[in-house]
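File shown: final_17.txt (compact mmCIF, N, CA and C atoms and all ligand atoms).
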```
# COMPACT_ATOMS: atom_id res chain seq x y z
N MET A 359 -3.99 -12.43 -24.46
CA MET A 359 -3.38 -13.05 -23.27
C MET A 359 -2.18 -12.22 -22.82
N ARG A 360 -2.18 -11.90 -21.54
CA ARG A 360 -1.07 -11.14 -20.96
C ARG A 360 -0.41 -11.98 -19.88
N THR A 361 0.89 -11.90 -19.77
CA THR A 361 1.62 -12.66 -18.76
C THR A 361 2.44 -11.70 -17.91
N ILE A 362 2.34 -11.88 -16.59
CA ILE A 362 3.13 -11.05 -15.67
C ILE A 362 3.95 -11.96 -14.77
N LYS A 363 5.08 -11.45 -14.32
CA LYS A 363 5.95 -12.17 -13.39
C LYS A 363 5.53 -11.82 -11.96
N ILE A 364 5.52 -12.83 -11.10
CA ILE A 364 5.15 -12.61 -9.70
C ILE A 364 6.20 -13.26 -8.80
N LYS A 365 6.70 -12.48 -7.85
CA LYS A 365 7.71 -12.99 -6.93
C LYS A 365 7.06 -13.42 -5.61
N GLY A 366 7.58 -14.50 -5.04
CA GLY A 366 7.21 -14.88 -3.70
C GLY A 366 6.24 -16.05 -3.57
N MET A 367 5.76 -16.58 -4.68
CA MET A 367 4.83 -17.72 -4.60
C MET A 367 5.62 -19.01 -4.33
N GLN A 368 5.11 -19.79 -3.36
CA GLN A 368 5.85 -21.00 -2.99
C GLN A 368 5.01 -22.27 -3.01
N CYS A 369 3.71 -22.16 -3.01
CA CYS A 369 2.90 -23.37 -2.94
C CYS A 369 1.53 -23.13 -3.58
N SER A 370 0.70 -24.17 -3.53
CA SER A 370 -0.61 -24.07 -4.19
C SER A 370 -1.52 -23.05 -3.50
N HIS A 371 -1.26 -22.78 -2.23
CA HIS A 371 -2.05 -21.75 -1.55
C HIS A 371 -1.72 -20.36 -2.11
N CYS A 372 -0.45 -20.17 -2.41
CA CYS A 372 -0.03 -18.91 -3.03
C CYS A 372 -0.71 -18.76 -4.39
N VAL A 373 -0.75 -19.84 -5.14
CA VAL A 373 -1.39 -19.81 -6.46
C VAL A 373 -2.84 -19.38 -6.31
N LYS A 374 -3.55 -19.97 -5.36
CA LYS A 374 -4.96 -19.62 -5.12
C LYS A 374 -5.11 -18.16 -4.72
N ALA A 375 -4.20 -17.70 -3.88
CA ALA A 375 -4.27 -16.31 -3.42
C ALA A 375 -4.09 -15.34 -4.58
N VAL A 376 -3.14 -15.65 -5.46
CA VAL A 376 -2.88 -14.79 -6.61
C VAL A 376 -4.06 -14.85 -7.60
N GLU A 377 -4.58 -16.04 -7.81
CA GLU A 377 -5.75 -16.18 -8.69
C GLU A 377 -6.91 -15.34 -8.18
N GLY A 378 -7.12 -15.41 -6.87
CA GLY A 378 -8.21 -14.65 -6.26
C GLY A 378 -8.00 -13.15 -6.39
N ALA A 379 -6.76 -12.72 -6.17
CA ALA A 379 -6.43 -11.29 -6.22
C ALA A 379 -6.63 -10.74 -7.63
N LEU A 380 -6.18 -11.49 -8.61
CA LEU A 380 -6.34 -11.03 -10.00
C LEU A 380 -7.80 -11.12 -10.44
N GLY A 381 -8.49 -12.12 -9.91
CA GLY A 381 -9.90 -12.30 -10.26
C GLY A 381 -10.80 -11.19 -9.78
N GLU A 382 -10.32 -10.41 -8.80
CA GLU A 382 -11.10 -9.28 -8.30
C GLU A 382 -11.07 -8.09 -9.25
N ILE A 383 -10.14 -8.11 -10.19
CA ILE A 383 -10.01 -6.98 -11.12
C ILE A 383 -11.06 -7.12 -12.23
N GLU A 384 -11.80 -6.05 -12.44
CA GLU A 384 -12.85 -6.07 -13.45
C GLU A 384 -12.27 -6.28 -14.84
N GLY A 385 -12.89 -7.17 -15.60
CA GLY A 385 -12.47 -7.40 -16.98
C GLY A 385 -11.36 -8.42 -17.14
N VAL A 386 -10.91 -9.00 -16.02
CA VAL A 386 -9.85 -10.01 -16.08
C VAL A 386 -10.49 -11.40 -15.98
N SER A 387 -10.06 -12.30 -16.86
CA SER A 387 -10.62 -13.66 -16.85
C SER A 387 -9.56 -14.66 -17.30
N ASP A 388 -9.93 -15.94 -17.26
CA ASP A 388 -9.02 -17.02 -17.70
C ASP A 388 -7.65 -16.94 -17.04
N ILE A 389 -7.66 -16.77 -15.73
CA ILE A 389 -6.39 -16.60 -15.01
C ILE A 389 -5.71 -17.96 -14.84
N ARG A 390 -4.46 -18.00 -15.24
CA ARG A 390 -3.65 -19.22 -15.03
C ARG A 390 -2.34 -18.84 -14.38
N VAL A 391 -2.10 -19.45 -13.24
CA VAL A 391 -0.87 -19.15 -12.51
C VAL A 391 0.08 -20.33 -12.63
N ASP A 392 1.31 -20.04 -13.05
CA ASP A 392 2.35 -21.07 -13.16
C ASP A 392 3.33 -20.88 -12.02
N LEU A 393 3.23 -21.78 -11.06
CA LEU A 393 4.04 -21.68 -9.84
C LEU A 393 5.53 -21.80 -10.15
N LYS A 394 5.89 -22.78 -10.99
CA LYS A 394 7.31 -23.02 -11.31
C LYS A 394 7.94 -21.82 -11.99
N LYS A 395 7.21 -21.26 -12.93
CA LYS A 395 7.76 -20.11 -13.67
C LYS A 395 7.61 -18.80 -12.90
N GLY A 396 6.73 -18.80 -11.89
CA GLY A 396 6.46 -17.56 -11.19
C GLY A 396 5.75 -16.57 -12.08
N GLU A 397 4.74 -17.06 -12.79
CA GLU A 397 4.02 -16.22 -13.74
C GLU A 397 2.52 -16.39 -13.59
N ALA A 398 1.80 -15.36 -13.99
CA ALA A 398 0.35 -15.45 -14.11
C ALA A 398 -0.04 -14.95 -15.50
N SER A 399 -0.94 -15.68 -16.14
CA SER A 399 -1.46 -15.27 -17.45
C SER A 399 -2.95 -15.07 -17.33
N PHE A 400 -3.47 -14.13 -18.10
CA PHE A 400 -4.90 -13.86 -18.05
C PHE A 400 -5.34 -13.10 -19.29
N GLU A 401 -6.64 -13.15 -19.53
CA GLU A 401 -7.24 -12.34 -20.58
C GLU A 401 -7.77 -11.06 -19.94
N GLU A 402 -7.74 -9.97 -20.68
CA GLU A 402 -8.29 -8.73 -20.15
C GLU A 402 -9.14 -8.05 -21.23
N VAL A 403 -10.26 -7.54 -20.81
CA VAL A 403 -11.19 -6.88 -21.74
C VAL A 403 -10.54 -5.62 -22.29
N ARG A 404 -9.87 -4.86 -21.40
CA ARG A 404 -9.07 -3.70 -21.80
C ARG A 404 -7.83 -3.72 -20.92
N PRO A 405 -6.73 -3.11 -21.39
CA PRO A 405 -5.48 -3.20 -20.63
C PRO A 405 -5.62 -2.70 -19.19
N VAL A 406 -5.25 -3.56 -18.26
CA VAL A 406 -5.29 -3.18 -16.84
C VAL A 406 -3.99 -2.44 -16.50
N PRO A 407 -4.09 -1.25 -15.91
CA PRO A 407 -2.87 -0.52 -15.54
C PRO A 407 -1.98 -1.35 -14.60
N LEU A 408 -0.69 -1.24 -14.81
CA LEU A 408 0.27 -1.98 -14.00
C LEU A 408 0.09 -1.68 -12.51
N SER A 409 -0.27 -0.43 -12.19
CA SER A 409 -0.43 -0.04 -10.79
C SER A 409 -1.54 -0.85 -10.11
N ILE A 410 -2.58 -1.16 -10.87
CA ILE A 410 -3.68 -1.94 -10.30
C ILE A 410 -3.25 -3.40 -10.12
N LEU A 411 -2.53 -3.93 -11.08
CA LEU A 411 -2.01 -5.29 -10.93
C LEU A 411 -1.09 -5.37 -9.71
N ALA A 412 -0.21 -4.39 -9.58
CA ALA A 412 0.74 -4.37 -8.46
C ALA A 412 -0.01 -4.30 -7.13
N ARG A 413 -1.04 -3.46 -7.07
CA ARG A 413 -1.80 -3.30 -5.83
C ARG A 413 -2.46 -4.62 -5.42
N GLN A 414 -3.07 -5.28 -6.37
CA GLN A 414 -3.76 -6.53 -6.06
C GLN A 414 -2.77 -7.62 -5.62
N ILE A 415 -1.66 -7.70 -6.35
CA ILE A 415 -0.65 -8.72 -6.03
C ILE A 415 -0.06 -8.45 -4.64
N GLU A 416 0.19 -7.21 -4.35
CA GLU A 416 0.76 -6.85 -3.05
C GLU A 416 -0.22 -7.09 -1.91
N LYS A 417 -1.48 -6.82 -2.19
CA LYS A 417 -2.52 -7.05 -1.19
C LYS A 417 -2.56 -8.53 -0.80
N ALA A 418 -2.28 -9.39 -1.76
CA ALA A 418 -2.28 -10.84 -1.50
C ALA A 418 -0.98 -11.28 -0.84
N GLY A 419 0.02 -10.39 -0.79
CA GLY A 419 1.26 -10.72 -0.09
C GLY A 419 2.43 -11.04 -1.00
N TYR A 420 2.30 -10.71 -2.29
CA TYR A 420 3.38 -11.01 -3.24
C TYR A 420 3.81 -9.73 -3.94
N GLU A 421 4.69 -9.91 -4.93
CA GLU A 421 5.27 -8.75 -5.59
C GLU A 421 5.36 -9.00 -7.08
N LEU A 422 5.13 -7.97 -7.86
CA LEU A 422 5.36 -8.10 -9.29
C LEU A 422 6.86 -8.30 -9.52
N GLY A 423 7.20 -9.18 -10.46
CA GLY A 423 8.63 -9.47 -10.71
C GLY A 423 9.18 -8.63 -11.84
CU CU B 1 2.12 -20.67 -0.53
```
Let me see the structure of the file written as structure tokens.
Ligand SMILES: [Cu+2]
Amino acid sequence: MRTIKIKGMQCSHCVKAVEGALGEIEGVSDIRVDLKKGEASFEEVRPVPLSILARQIEKAGYELG
């Protein structure tokens, strides 16, 4: 289980957007987004490079924290 900080999420729509963005990454599963903490946790088959996480999060309109 890996946990990353995400800036800019404000509501359940943001949570869905982040879940969708992370879900597009191959080998990522069991995504759980905690709105209050501003965090996302997930399982990964192999370590996903930070640059790919950042790209997906930014594409959805948020930022890695
Ligand atoms: Cu929102």
Quick check, in Å to one decimal: how far apart do atom CA of A:Ser409 and atom N of A:Leu422 lie? 10.1 Å
Calculated over only C-alpha atoms, which of the candidates A:Val376, A:Val406, A:Thr361, A:Ile389 has the smallest distance to A:Gly419?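 Of A:Val376, A:Val406, A:Thr361, A:Ile389, the one nearest A:Gly419, counting only C-alpha atoms, is A:Val376.
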Taking only C-alpha atoms and all ligand atoms into account, list the residues no farther than 7 Å from ligand CU 1 (chain B), as a PDB file with N, CA and C atoms, keeping the file's coordinate frame.
```
ATOM      1  N   MET A 367       5.760 -16.580  -4.680  1.00  0.00           N
ATOM      2  CA  MET A 367       4.830 -17.720  -4.600  1.00  0.00           C
ATOM      3  C   MET A 367       5.620 -19.010  -4.330  1.00  0.00           C
ATOM      4  N   GLN A 368       5.110 -19.790  -3.360  1.00  0.00           N
ATOM      5  CA  GLN A 368       5.850 -21.000  -2.990  1.00  0.00           C
ATOM      6  C   GLN A 368       5.010 -22.270  -3.010  1.00  0.00           C
ATOM      7  N   CYS A 369       3.710 -22.160  -3.010  1.00  0.00           N
ATOM      8  CA  CYS A 369       2.900 -23.370  -2.940  1.00  0.00           C
ATOM      9  C   CYS A 369       1.530 -23.130  -3.580  1.00  0.00           C
ATOM     10  N   SER A 370       0.700 -24.170  -3.530  1.00  0.00           N
ATOM     11  CA  SER A 370      -0.610 -24.070  -4.190  1.00  0.00           C
ATOM     12  C   SER A 370      -1.520 -23.050  -3.500  1.00  0.00           C
ATOM     13  N   HIS A 371      -1.260 -22.780  -2.230  1.00  0.00           N
ATOM     14  CA  HIS A 371      -2.050 -21.750  -1.550  1.00  0.00           C
ATOM     15  C   HIS A 371      -1.720 -20.360  -2.110  1.00  0.00           C
ATOM     16  N   CYS A 372      -0.450 -20.170  -2.410  1.00  0.00           N
ATOM     17  CA  CYS A 372      -0.030 -18.910  -3.030  1.00  0.00           C
ATOM     18  C   CYS A 372      -0.710 -18.760  -4.390  1.00  0.00           C
ATOM     19  N   VAL A 373      -0.750 -19.840  -5.140  1.00  0.00           N
ATOM     20  CA  VAL A 373      -1.390 -19.810  -6.460  1.00  0.00           C
ATOM     21  C   VAL A 373      -2.840 -19.380  -6.310  1.00  0.00           C
TER      22      VAL A 373
END
```
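When only N, CA and C atoms are used to compute distances to A:Leu411, the closest of the residues A:Val391, A:Ala398, A:Leu380, A:Met359 turns out to be A:Leu380.
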Please report the interatomic distance between atom N of A:Gly396 and atom N of A:Tyr420 in Å with one decimal.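 The value is 13.3 Å.
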As a VMD selection string, please: every residue in chain A that DSSP puts in strand (DSSP E). chain A and resid 360 to 365 386 to 392 397 to 402 421 to 422
Nearest to A:Gly378 by atom-to-atom distance, counting only N, CA and C atoms, from A:Pro407, A:Ala418, A:Lys394, A:Glu401: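 Counting only N, CA and C atoms, the residue closest to A:Gly378 is A:Ala418.
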Rank A:Ile362, A:Ile415, A:Leu408, A:Leu393 by their smallest atom-to-atom distance to A:Gly381, using only C-alpha atoms, and report the top residue only.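 Among A:Ile362, A:Ile415, A:Leu408, A:Leu393, it is A:Ile415 that comes nearest to A:Gly381.
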How many Å separate atom CA of A:Ala375 from atom CA of A:Arg404?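 Spanning atom CA of A:Ala375 to atom CA of A:Arg404 is a straight-line distance of 22.8 Å.
Those residues of stretch 372-407 of chain A that DSSP, working from the backbone, places in alpha helix (DSSP H) are Cys372, Val373, Lys374, Ala375, Val376, Glu377, Gly378, Ala379, Leu380 and Gly381 of chain A.
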Could you give me, as a list of chain:residue names, the residues that sit within 6 Å of (-5.5, -17.9, -18.3) in the file's coordinates, counting all atoms listed in the file?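 Those residues, ordered by chain and then number, are A:Ser387, A:Asp388, A:Ile389, A:Arg390, A:Ser399, A:Phe400, A:Glu401.
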